[in-house]
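Coordinates as given in target.txt (compact mmCIF, C-alpha atoms):
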```txt
# COMPACT_ATOMS: atom_id res chain seq x y z
CA ALA A 1 -1.58 -21.61 -1.36
CA GLN A 2 -3.10 -21.38 2.11
CA GLY A 3 0.14 -19.77 3.25
CA VAL A 4 -0.23 -17.07 0.61
CA LEU A 5 -3.85 -16.51 1.63
CA SER A 6 -2.86 -16.13 5.27
CA ASP A 7 -1.13 -12.89 4.29
CA ILE A 8 -3.09 -11.88 1.17
CA PRO A 9 -6.70 -12.95 1.82
CA GLY A 10 -7.93 -11.74 -1.57
CA ALA A 11 -5.11 -13.25 -3.64
CA ASP A 12 -6.21 -13.71 -7.25
CA GLY A 13 -4.14 -15.55 -9.83
CA LEU A 14 -1.78 -18.52 -9.69
CA MET A 15 0.44 -19.73 -6.83
CA GLY A 16 3.59 -21.69 -7.63
CA ASP A 17 5.58 -23.41 -4.87
CA LEU A 18 8.93 -24.69 -6.12
CA GLY A 19 10.78 -27.36 -4.18
CA GLY A 20 13.77 -29.43 -5.16
CA GLY A 21 11.78 -32.30 -6.60
CA SER A 22 8.37 -30.89 -7.45
CA LEU A 23 6.37 -27.85 -8.44
CA GLU A 24 2.92 -27.18 -7.00
CA LEU A 25 0.60 -24.96 -9.02
CA VAL A 26 -2.67 -23.76 -7.47
CA THR A 27 -5.15 -21.26 -8.84
CA LEU A 28 -6.41 -18.62 -6.42
CA GLU A 29 -9.72 -17.04 -7.24
CA ARG A 30 -10.22 -13.94 -5.07
CA GLY A 31 -9.17 -15.78 -1.94
CA LYS A 32 -10.55 -19.19 -2.85
CA VAL A 33 -8.42 -22.21 -3.75
CA GLY A 34 -9.18 -23.53 -7.23
CA PRO A 35 -7.72 -26.20 -9.56
CA GLN A 36 -4.30 -27.46 -8.55
CA SER A 37 -1.61 -29.91 -9.57
CA THR A 38 1.76 -31.28 -8.44
CA LEU A 39 4.30 -31.67 -11.23
CA PRO A 40 7.67 -33.53 -11.18
CA LEU A 41 9.50 -30.36 -12.17
CA GLY A 42 11.72 -29.46 -9.24
CA PRO A 43 15.16 -28.19 -10.36
CA LEU A 44 16.99 -31.11 -8.73
CA ARG A 45 14.80 -33.60 -10.60
CA LEU A 46 15.14 -31.62 -13.83
CA LEU A 47 18.91 -31.57 -13.40
CA ASP A 48 18.91 -35.37 -13.28
CA SER A 49 16.41 -35.93 -16.07
CA SER A 50 17.82 -33.36 -18.50
CA GLY A 51 21.49 -33.66 -17.68
CA GLY A 52 21.53 -29.88 -17.32
CA GLU A 53 20.60 -29.32 -21.00
CA LEU A 54 18.24 -26.34 -21.16
CA LYS A 55 16.48 -27.39 -24.36
CA LYS A 56 15.71 -30.82 -22.95
CA ALA A 57 14.54 -29.34 -19.66
CA MET A 58 12.38 -26.80 -21.49
CA ALA A 59 10.68 -29.57 -23.46
CA GLN A 60 9.89 -31.44 -20.22
CA ILE A 61 8.51 -28.31 -18.59
CA ASP A 62 6.33 -27.36 -21.55
CA ALA A 63 5.00 -30.91 -21.89
CA ALA A 64 3.93 -30.92 -18.24
CA LEU A 65 2.31 -27.49 -18.45
CA ASP A 66 0.41 -28.55 -21.60
CA LEU A 67 -1.57 -30.95 -19.40
CA LEU A 68 -3.01 -28.07 -17.33
CA PRO A 69 -5.51 -26.14 -19.48
CA TRP A 70 -6.88 -24.37 -16.40
CA LEU A 71 -3.68 -22.30 -16.19
CA ALA A 72 -5.36 -19.98 -18.70
CA ASN A 73 -7.74 -18.86 -15.94
CA ALA A 74 -4.88 -16.96 -14.31
CA LYS A 75 -3.90 -14.93 -17.37
CA GLY A 76 -3.50 -11.23 -16.69
CA LYS A 77 -3.66 -11.68 -12.91
CA ARG A 78 -0.78 -12.26 -10.48
CA PHE A 79 1.69 -15.07 -10.04
CA TYR A 80 2.55 -15.74 -6.40
CA ALA A 81 6.04 -17.27 -6.24
CA VAL A 82 6.91 -19.43 -3.22
CA GLY A 83 10.19 -21.24 -2.59
CA GLY A 84 13.81 -20.43 -1.83
CA SER A 85 15.07 -20.69 -5.42
CA TRP A 86 12.56 -18.16 -6.65
CA ARG A 87 13.30 -15.85 -3.73
CA ALA A 88 16.93 -15.97 -4.84
CA LEU A 89 15.80 -14.72 -8.25
CA ALA A 90 14.00 -11.87 -6.51
CA ARG A 91 17.30 -10.93 -4.81
CA ILE A 92 18.99 -10.81 -8.19
CA HIS A 93 16.34 -8.46 -9.54
CA MET A 94 16.55 -6.27 -6.43
CA ALA A 95 20.30 -5.92 -6.89
CA GLN A 96 19.87 -5.23 -10.60
CA VAL A 97 17.50 -2.31 -10.06
CA ASP A 98 19.14 -1.16 -6.79
CA TYR A 99 15.86 -1.62 -4.94
CA PRO A 100 15.87 0.32 -1.64
CA LEU A 101 14.34 -2.36 0.57
CA ARG A 102 15.87 -5.80 1.11
CA VAL A 103 12.62 -7.51 2.10
CA ILE A 104 11.68 -10.33 -0.26
CA HIS A 105 8.21 -10.92 1.17
CA ARG A 106 5.55 -9.17 -0.95
CA TYR A 107 8.16 -7.88 -3.40
CA GLU A 108 6.34 -7.26 -6.69
CA VAL A 109 7.77 -7.09 -10.19
CA LYS A 110 6.10 -6.49 -13.54
CA ARG A 111 6.05 -9.65 -15.61
CA ALA A 112 8.07 -8.27 -18.51
CA LYS A 113 10.88 -7.17 -16.20
CA MET A 114 10.95 -10.51 -14.40
CA GLU A 115 11.03 -12.35 -17.72
CA ASN A 116 14.19 -10.48 -18.65
CA VAL A 117 15.89 -11.55 -15.41
CA VAL A 118 14.92 -15.22 -15.52
CA GLU A 119 15.83 -15.53 -19.19
CA LEU A 120 19.30 -14.19 -18.37
CA VAL A 121 19.81 -16.33 -15.25
CA SER A 122 18.66 -19.52 -17.02
CA LYS A 123 21.66 -19.18 -19.34
CA MET A 124 24.27 -18.26 -16.73
CA SER A 125 27.08 -20.59 -15.74
CA ARG A 126 27.89 -21.44 -12.15
CA ARG A 127 31.01 -19.29 -12.38
CA SER A 128 28.93 -16.30 -13.49
CA LEU A 129 26.41 -16.87 -10.70
CA GLU A 130 29.21 -17.00 -8.14
CA ARG A 131 30.00 -13.39 -8.97
CA LEU A 132 26.54 -12.30 -7.80
CA SER A 133 26.43 -11.37 -4.13
CA GLY A 134 23.86 -12.70 -1.71
CA LEU A 135 23.07 -16.00 -3.45
CA PRO A 136 23.20 -19.22 -1.37
CA ARG A 137 25.95 -21.42 -2.81
CA ARG A 138 23.83 -24.53 -2.47
CA ARG A 139 21.42 -23.13 -5.08
CA LEU A 140 23.96 -22.17 -7.73
CA ASP A 141 23.77 -25.46 -9.65
CA THR A 142 19.97 -25.49 -9.80
CA LEU A 143 19.21 -21.77 -10.07
CA PRO A 144 19.31 -21.69 -13.91
CA LEU A 145 16.66 -24.44 -14.01
CA ALA A 146 14.55 -22.63 -11.39
CA ALA A 147 14.79 -19.54 -13.59
CA LEU A 148 13.83 -21.56 -16.66
CA LEU A 149 10.78 -22.92 -14.85
CA LEU A 150 9.63 -19.45 -13.91
CA GLU A 151 10.29 -18.16 -17.42
CA ARG A 152 8.15 -20.90 -19.02
CA ILE A 153 5.31 -20.32 -16.53
CA LEU A 154 5.34 -16.57 -17.08
CA ARG A 155 5.22 -16.98 -20.84
CA ARG A 156 2.41 -19.50 -20.56
CA VAL A 157 0.24 -17.66 -18.02
CA ALA A 158 1.21 -14.04 -18.81
CA PRO A 159 0.40 -12.66 -15.34
CA LYS A 160 0.31 -8.94 -14.78
CA ARG A 161 2.85 -9.07 -11.97
CA VAL A 162 4.98 -11.51 -9.99
CA VAL A 163 4.58 -11.39 -6.20
CA PHE A 164 7.18 -13.18 -4.07
CA SER A 165 5.86 -14.69 -0.85
CA ALA A 166 7.85 -15.91 2.14
CA ASN A 167 4.68 -17.57 3.43
CA GLY A 168 4.32 -21.13 2.23
CA LEU A 169 3.66 -24.61 3.52
CA ARG A 170 4.32 -24.07 7.24
CA GLU A 171 2.25 -20.89 7.40
CA GLY A 172 -0.46 -22.60 5.37
CA VAL A 173 -0.68 -25.50 7.82
CA VAL A 174 -1.22 -23.08 10.71
CA TYR A 175 -3.68 -20.92 8.75
CA ASP A 176 -5.70 -23.96 7.65
CA ARG A 177 -6.27 -24.90 11.30
CA LEU A 178 -7.52 -21.48 12.41
CA PRO A 179 -11.21 -20.97 13.21
CA ALA A 180 -13.25 -19.41 10.42
CA GLU A 181 -13.82 -16.21 12.42
CA THR A 182 -10.07 -15.75 12.86
CA LYS A 183 -9.46 -16.22 9.14
CA ARG A 184 -11.90 -13.40 8.44
CA LEU A 185 -9.78 -10.89 10.38
CA ASP A 186 -7.62 -8.47 8.41
CA PRO A 187 -4.05 -9.81 8.75
CA LEU A 188 -2.50 -6.32 8.60
CA LEU A 189 -4.70 -4.86 11.32
CA SER A 190 -4.31 -7.99 13.43
CA ALA A 191 -0.52 -7.81 13.21
CA CYS A 192 -0.50 -4.09 14.02
CA THR A 193 -2.70 -4.73 17.05
CA VAL A 194 -0.20 -7.31 18.33
CA LEU A 195 2.77 -5.00 17.66
CA ALA A 196 1.00 -2.18 19.51
CA ALA A 197 0.38 -4.43 22.51
CA GLN A 198 4.09 -5.29 22.58
CA HIS A 199 5.61 -1.83 22.10
CA SER A 200 3.04 0.87 22.93
CA ARG A 201 2.23 2.65 26.18
CA PHE A 202 -1.34 3.24 24.99
CA PRO A 203 -2.29 0.34 22.67
CA GLN A 204 -5.96 1.13 23.18
CA ALA A 205 -5.53 4.59 21.62
CA GLY A 206 -5.08 3.27 18.08
CA GLU A 207 -8.73 2.53 17.40
CA SER A 208 -9.81 5.91 18.80
CA LEU A 209 -7.23 7.71 16.66
CA ALA A 210 -8.45 5.88 13.56
CA ARG A 211 -11.96 7.26 14.17
CA TRP A 212 -10.63 10.69 15.19
CA THR A 213 -8.53 11.21 12.04
CA ALA A 214 -11.20 9.97 9.61
CA PRO A 215 -12.73 13.44 8.92
CA LEU A 216 -9.43 14.59 7.41
CA PHE A 217 -9.52 11.85 4.75
CA SER A 218 -13.10 11.70 3.51
CA ASP A 219 -11.92 11.00 -0.05
CA GLU A 220 -9.72 7.98 0.78
CA SER A 221 -10.06 4.62 -0.93
CA VAL A 222 -10.72 1.39 0.97
CA GLU A 223 -7.00 0.53 0.87
CA HIS A 224 -5.99 4.01 2.04
CA ALA A 225 -8.47 3.73 4.93
CA ARG A 226 -6.94 0.36 5.84
CA ARG A 227 -3.44 1.81 5.83
CA ARG A 228 -4.54 4.80 7.91
CA HIS A 229 -6.14 2.44 10.43
CA ALA A 230 -2.93 0.39 10.60
CA ALA A 231 -0.79 3.53 11.07
CA CYS A 232 -2.99 4.62 13.96
CA LEU A 233 -2.51 1.23 15.62
CA LEU A 234 1.28 1.59 15.23
CA SER A 235 1.37 5.24 16.26
CA ASP A 236 2.93 4.63 19.69
CA ILE A 237 5.35 1.92 18.55
CA ALA A 238 8.50 3.81 19.58
CA ALA A 239 7.29 4.68 23.06
CA THR A 240 10.16 2.90 24.82
CA ASP A 241 12.91 4.40 22.63
CA HIS A 242 14.98 7.47 23.49
CA PRO A 243 13.04 10.65 22.52
CA ASP A 244 15.87 11.87 20.27
CA TYR A 245 15.67 8.70 18.17
CA ARG A 246 11.99 7.80 18.26
CA ALA A 247 11.17 9.01 14.75
CA GLU A 248 14.08 7.13 13.21
CA GLN A 249 13.47 3.99 15.27
CA ALA A 250 9.78 3.97 14.38
CA LEU A 251 10.61 4.32 10.68
CA LEU A 252 13.11 1.44 10.73
CA ARG A 253 10.99 -0.81 12.94
CA VAL A 254 8.06 -0.61 10.54
CA ILE A 255 9.87 -0.72 7.20
CA ARG A 256 12.02 -3.70 8.26
CA SER A 257 9.43 -5.63 10.24
CA LEU A 258 9.48 -9.37 9.71
CA VAL A 259 5.84 -9.85 10.67
CA LEU A 260 4.08 -7.01 8.86
CA PRO A 261 1.67 -8.44 6.26
CA SER A 262 1.76 -5.59 3.76
CA ASP A 263 3.00 -4.88 0.28
CA HIS A 264 6.03 -2.62 0.05
CA PRO A 265 4.18 0.65 -0.71
CA GLY A 266 2.01 -0.10 2.33
CA ARG A 267 5.08 -0.58 4.51
CA ALA A 268 6.52 2.68 3.25
CA PHE A 269 3.29 4.56 3.97
CA LEU A 270 3.11 3.23 7.52
CA ALA A 271 6.78 3.97 8.14
CA LEU A 272 6.46 7.58 6.92
CA ALA A 273 3.28 8.17 8.91
CA VAL A 274 4.79 7.03 12.22
CA PHE A 275 7.99 8.93 11.40
CA ALA A 276 5.93 12.14 11.08
CA ARG A 277 3.94 11.24 14.19
CA TYR A 278 7.20 11.43 16.18
CA GLY A 279 8.12 14.78 14.66
CA GLY A 280 10.24 13.59 11.74
CA ASP A 281 10.30 15.60 8.53
CA VAL A 282 9.13 13.24 5.77
CA ARG A 283 10.91 15.40 3.20
CA SER A 284 14.32 14.93 4.85
CA GLY A 285 17.19 12.81 3.59
CA ALA A 286 16.45 10.19 6.26
CA THR A 287 13.32 9.13 4.37
CA GLU A 288 14.61 9.29 0.80
CA LEU A 289 14.74 5.54 0.22
CA VAL A 290 11.35 4.96 1.83
CA ARG A 291 9.76 7.77 -0.20
CA SER A 292 11.03 6.14 -3.39
CA LEU A 293 8.50 3.35 -2.80
CA LEU A 294 5.55 5.77 -2.88
CA ASP A 295 4.06 8.27 -5.27
CA ASP A 296 3.98 11.94 -4.28
CA GLU A 297 0.31 11.84 -3.30
CA ASP A 298 0.87 9.06 -0.77
CA VAL A 299 3.89 10.86 0.70
CA VAL A 300 1.67 13.90 1.31
CA ARG A 301 -1.06 11.68 2.75
CA ALA A 302 1.41 9.98 5.12
CA ARG A 303 2.73 13.34 6.32
CA ARG A 304 -0.77 14.66 6.97
CA LEU A 305 -1.73 11.57 8.93
CA GLY A 306 1.47 11.63 10.97
CA VAL A 307 1.05 15.28 11.92
CA ALA A 308 -2.59 14.62 12.85
CA LEU A 309 -1.51 11.73 15.08
CA ARG A 310 1.07 13.98 16.74
CA LEU A 311 -1.67 16.47 17.51
CA GLY A 312 -3.90 13.67 18.80
CA TYR A 313 -1.31 12.45 21.31
CA THR A 314 -0.39 15.97 22.44
CA LEU A 315 -4.06 16.73 23.01
CA SER A 316 -5.09 13.48 24.68
CA GLY A 317 -1.95 11.97 26.20
CA GLY A 318 -3.17 8.66 24.77
CA SER A 319 -6.53 8.83 26.53
CA PRO A 320 -9.40 7.81 24.19
CA GLU A 321 -12.00 9.59 26.35
CA ILE A 322 -10.47 12.97 25.60
CA LEU A 323 -10.56 12.34 21.86
CA ASP A 324 -14.28 11.67 22.20
CA ASP A 325 -14.72 15.27 23.39
CA VAL A 326 -12.53 16.98 20.77
CA SER A 327 -13.35 16.55 17.10
CA LEU A 328 -11.49 17.45 13.92
CA VAL A 329 -13.45 19.36 11.30
CA LEU A 330 -12.10 19.93 7.80
CA ASP A 331 -13.62 22.68 5.65
CA ARG A 332 -12.59 24.02 2.28
CA ASP A 333 -10.16 26.55 3.76
CA ARG A 334 -9.92 25.64 7.45
CA VAL A 335 -9.14 22.77 9.83
CA SER A 336 -10.76 23.16 13.23
CA LEU A 337 -10.73 21.57 16.65
CA ASP A 338 -14.33 21.36 17.92
CA VAL A 339 -13.83 21.22 21.69
CA ALA A 340 -16.34 20.39 24.40
CA ALA A 341 -16.53 23.20 26.96
CA HIS A 342 -15.13 21.08 29.81
CA ARG A 343 -12.03 20.28 27.72
CA ALA A 344 -11.21 23.88 26.79
CA ALA A 345 -8.30 24.03 29.24
CA LEU A 346 -6.45 21.46 27.11
CA ILE A 347 -5.97 23.93 24.27
CA GLY A 348 -2.64 25.25 25.42
CA GLU A 349 0.57 26.25 23.68
CA ASP A 350 1.66 22.75 22.63
CA VAL A 351 -1.74 21.81 21.21
CA THR A 352 -1.89 25.11 19.34
CA LYS A 353 1.55 24.46 17.88
CA ARG A 354 0.54 20.99 16.68
CA LEU A 355 -2.71 22.32 15.21
CA ASN A 356 -0.77 24.91 13.27
CA GLN A 357 1.49 22.17 11.91
CA LEU A 358 -1.53 20.15 10.83
CA ALA A 359 -3.07 23.17 9.14
CA ASP A 360 0.16 23.73 7.25
CA ALA A 361 0.23 20.09 6.12
CA LEU A 362 -3.38 20.37 4.93
CA ASP A 363 -2.93 23.81 3.29
CA ARG A 364 -5.66 25.19 5.54
CA LYS A 365 -6.03 27.83 8.23
CA PRO A 366 -6.27 26.59 11.85
CA SER A 367 -9.05 27.42 14.24
CA VAL A 368 -10.59 26.24 17.50
CA LEU A 369 -14.30 26.09 18.30
CA VAL A 370 -15.11 25.93 22.02
CA ALA A 371 -18.75 25.73 23.17
CA GLY A 372 -19.92 27.25 19.89
CA MET A 373 -17.48 30.19 19.88
CA ARG A 374 -14.74 30.22 17.22
CA ARG A 375 -11.38 31.77 17.94
CA GLY A 376 -8.20 31.74 15.82
CA ALA A 377 -5.54 29.21 16.79
CA ALA A 378 -2.71 30.53 14.65
CA VAL A 379 0.23 31.93 16.57
```
Could you quickly redo this structure as structure tokens?
Amino acid sequence: AQGVLSDIPGADGLMGDLGGGSLELVTLERGKVGPQSTLPLGPLRLLDSSGGELKKAMAQIDAALDLLPWLANAKGKRFYAVGGSWRALARIHMAQVDYPLRVIHRYEVKRAKMENVVELVSKMSRRSLERLSGLPRRRLDTLPLAALLLERILRRVAPKRVVFSANGLREGVVYDRLPAETKRLDPLLSACTVLAAQHSRFPQAGESLARWTAPLFSDESVEHARRRHAACLLSDIAATDHPDYRAEQALLRVIRSLVLPSDHPGRAFLALAVFARYGGDVRSGATELVRSLLDDEDVVRARRLGVALRLGYTLSGGSPEILDDVSLVLDRDRVSLDVAAHRAALIGEDVTKRLNQLADALDRKPSVLVAGMRRGAAV
């Protein structure tokens, strides 16, 4: 459970960690660990005790769950699934729906859809399972029982969604030993800060860009603001790649990252934003699979942020001091650069071009205000 919290600090629902011999169930109450129990329900143990008979195994599972009345506290929330057998079930669902991203961590499925999969898998023979690609052979004998376990839990708890987590015991041990002040940090922003330090020329520019782009998104939610902040931190992540491939490399590096603590729509948003920051067209075929993880509004939002970041780097060269002297102003029909007089020489052809692109993305007219005098920036 601590491992889940290390990545999802506000996790709310029920965590289940399935091993070969036991099942750990722990309630999570908005980031706090609640009632918990260890049950002798691992698929290897069930295989021995039931002789592989599903009805007998089901009776054992239900009898054990009957002893945990506090499971009702997690109804309608989320079930956080930990363990290799359950991740294998996630792979089956991904293949079934042709999911565009092969990242199990933070993969989310509606309960009803997951119930359909586990009910089917629980009744499959080893020979049938062997026909499915990507499944570890060592799990084929126990996978039906792992599916049966998940099916009985889902029917009992009726969570809203199932979230698969690659973070478990090992991550929980590390997280449990961290100082309290470290635990309070946002894991996404912390990870993006580390990635920026490793890959960026100007890692210090991210925080300044987050403040600089804020006026363009005054209506954003808390989660959208968090994603925008993270995208700004990652905005120079392809600095060491060849210029012709930076947009594509940035997209792939973010969407496939092993260490990015984000749900899949969040990954897609960050990937599209940095793709646009490097001049990529978010409406191109190269982004089709990533866009499928987002709604249309978030695709537009990612494009706007990426184009704004491109303008910010063209204007400042990654120097936070320059951004302090040039502000973005968004009006009903216009987006403006408010420029301090001593920075007026920076408004050259390239900056004008990027401002025009931003105005187009925002459906506004561009303008520049220098020392109180407004002049058109459209070319």
Problem set entry | Ref. answer, residues at most 9 Å from (16.0, -11.3, -4.8) with only C-alpha atoms, as a ChimeraX atom specification | /A:86-95,102-104,107,134-135
Export C-alpha atoms of the chosen residues as an mmCIF file, keeping the file's coordinate frame?
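After the write, again-v7.cif holds the following:
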```
data_model
loop_
_atom_site.group_PDB
_atom_site.id
_atom_site.type_symbol
_atom_site.label_atom_id
_atom_site.label_comp_id
_atom_site.auth_asym_id
_atom_site.auth_seq_id
_atom_site.Cartn_x
_atom_site.Cartn_y
_atom_site.Cartn_z
ATOM 1 C CA TRP A 86 12.560 -18.160 -6.650
ATOM 2 C CA ARG A 87 13.300 -15.850 -3.730
ATOM 3 C CA ALA A 88 16.930 -15.970 -4.840
ATOM 4 C CA LEU A 89 15.800 -14.720 -8.250
ATOM 5 C CA ALA A 90 14.000 -11.870 -6.510
ATOM 6 C CA ARG A 91 17.300 -10.930 -4.810
ATOM 7 C CA ILE A 92 18.990 -10.810 -8.190
ATOM 8 C CA HIS A 93 16.340 -8.460 -9.540
ATOM 9 C CA MET A 94 16.550 -6.270 -6.430
ATOM 10 C CA ALA A 95 20.300 -5.920 -6.890
ATOM 11 C CA ARG A 102 15.870 -5.800 1.110
ATOM 12 C CA VAL A 103 12.620 -7.510 2.100
ATOM 13 C CA ILE A 104 11.680 -10.330 -0.260
ATOM 14 C CA TYR A 107 8.160 -7.880 -3.400
ATOM 15 C CA GLY A 134 23.860 -12.700 -1.710
ATOM 16 C CA LEU A 135 23.070 -16.000 -3.450
#
```
Problem set entry | Neighbours of point (-2.5, 24.6, 9.1) within 12 Å, using only C-alpha atoms, written as a ChimeraX atom specification | /A:304,307-308,311,330-331,333-337,352-368,376-379
For this session: Considering all atoms listed in the file, return as a ChimeraX atom specification whatever protein or nucleic-acid residues lie within 6 Å of region 148-159 of chain A, sequence-local ones (same chain, fewer than 5 positions apart) excluded.
Result: /A:75-79,115,118,122
Output file for the residues above (C-alpha atoms, as a PDB file, in the coordinates of the input):
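The result, written out as again18.pdb:
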```
ATOM      1  CA  LYS A  75      -3.900 -14.930 -17.370  1.00  0.00           C
ATOM      2  CA  GLY A  76      -3.500 -11.230 -16.690  1.00  0.00           C
ATOM      3  CA  LYS A  77      -3.660 -11.680 -12.910  1.00  0.00           C
ATOM      4  CA  ARG A  78      -0.780 -12.260 -10.480  1.00  0.00           C
ATOM      5  CA  PHE A  79       1.690 -15.070 -10.040  1.00  0.00           C
ATOM      6  CA  GLU A 115      11.030 -12.350 -17.720  1.00  0.00           C
ATOM      7  CA  VAL A 118      14.920 -15.220 -15.520  1.00  0.00           C
ATOM      8  CA  SER A 122      18.660 -19.520 -17.020  1.00  0.00           C
TER       9      SER A 122
END
```
Exercise. Residues at most 12 Å from Arg291 (chain A), counting all atoms listed in the file, excluding those fewer than 4 positions away in the same chain, as a PyMOL selection string?
Worked result: chain A and resi 100-101+251+255+264-273+275+281-287+295-303
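Going from CA of Ala11 (chain A) over to CA of Asp62 (chain A), you cover 25.5 Å.
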Problem set entry | Nearest-residue call for Gly3 (chain A), choices A:Gln204, A:Asn73, A:Gln198, A:Ser165, using all atoms listed in the file |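 Comparing A:Gln204, A:Asn73, A:Gln198, A:Ser165 against Gly3 (chain A), the winner is A:Ser165.
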For this session: Please provide the set of residues having any atom within 6 Å of Gly20 (chain A), restricted to only C-alpha atoms, with same-chain residues fewer than 5 positions apart removed, written as a list in words.
Result: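 In the requested format, the answer is Gly42, Pro43 and Leu44 of chain A.
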For this session: Please provide the set of residues having any atom within 8 Å of region 30-35 of chain A, restricted to all atoms listed in the file, with same-chain residues fewer than 6 positions apart removed, written as a count of residues only.
Result: 10
Problem set entry | Neighbour list for Gly16 (chain A) as an MDAnalysis selection string, cut-off 7 Å, only C-alpha atoms, skip fewer than 5 positions in-chain | chainID A and resid 23:26 80:82
Exercise. A:Thr27, A:Ser85, A:Ser133, A:Ser235: which is nearest Phe164 (chain A), counting all atoms listed in the file?
Worked result: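 With all atoms listed in the file as the atom set, the closest residue is A:Ser85.
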Problem set entry | Point-to-point distance in Å for CA of Asp350 (chain A) and CA of Ser327 (chain A) |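 Computing it gives 17.2 Å between the two atoms.
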Exercise. Which is closer to Ser6 (chain A) than all the others in A:Leu132, A:Leu67, A:Leu188, A:Val162, using all atoms listed in the file?
Worked result: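 Answer, going by the shortest atom-to-atom distance: A:Leu188.
With only C-alpha atoms as the atoms that count, the residue of A:Val163, A:Leu71, A:Ala196, A:Leu258 with the shortest distance to Ala238 (chain A) is A:Ala196.
Relative to CA of Ser257 (chain A), CA of Ala191 (chain A) is found at 10.6 Å.
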Exercise. Which residue out of A:Asp48, A:Asp263, A:Asp236, A:Glu130 has the minimum interatomic distance to Ala205 (chain A) when all atoms listed in the file are used?
Worked result: A:Asp236
Problem set entry | Minimum-distance residue to Leu234 (chain A), chosen among A:Arg201, A:Arg139, A:His342, A:His105 (using all atoms listed in the file) | A:Arg201
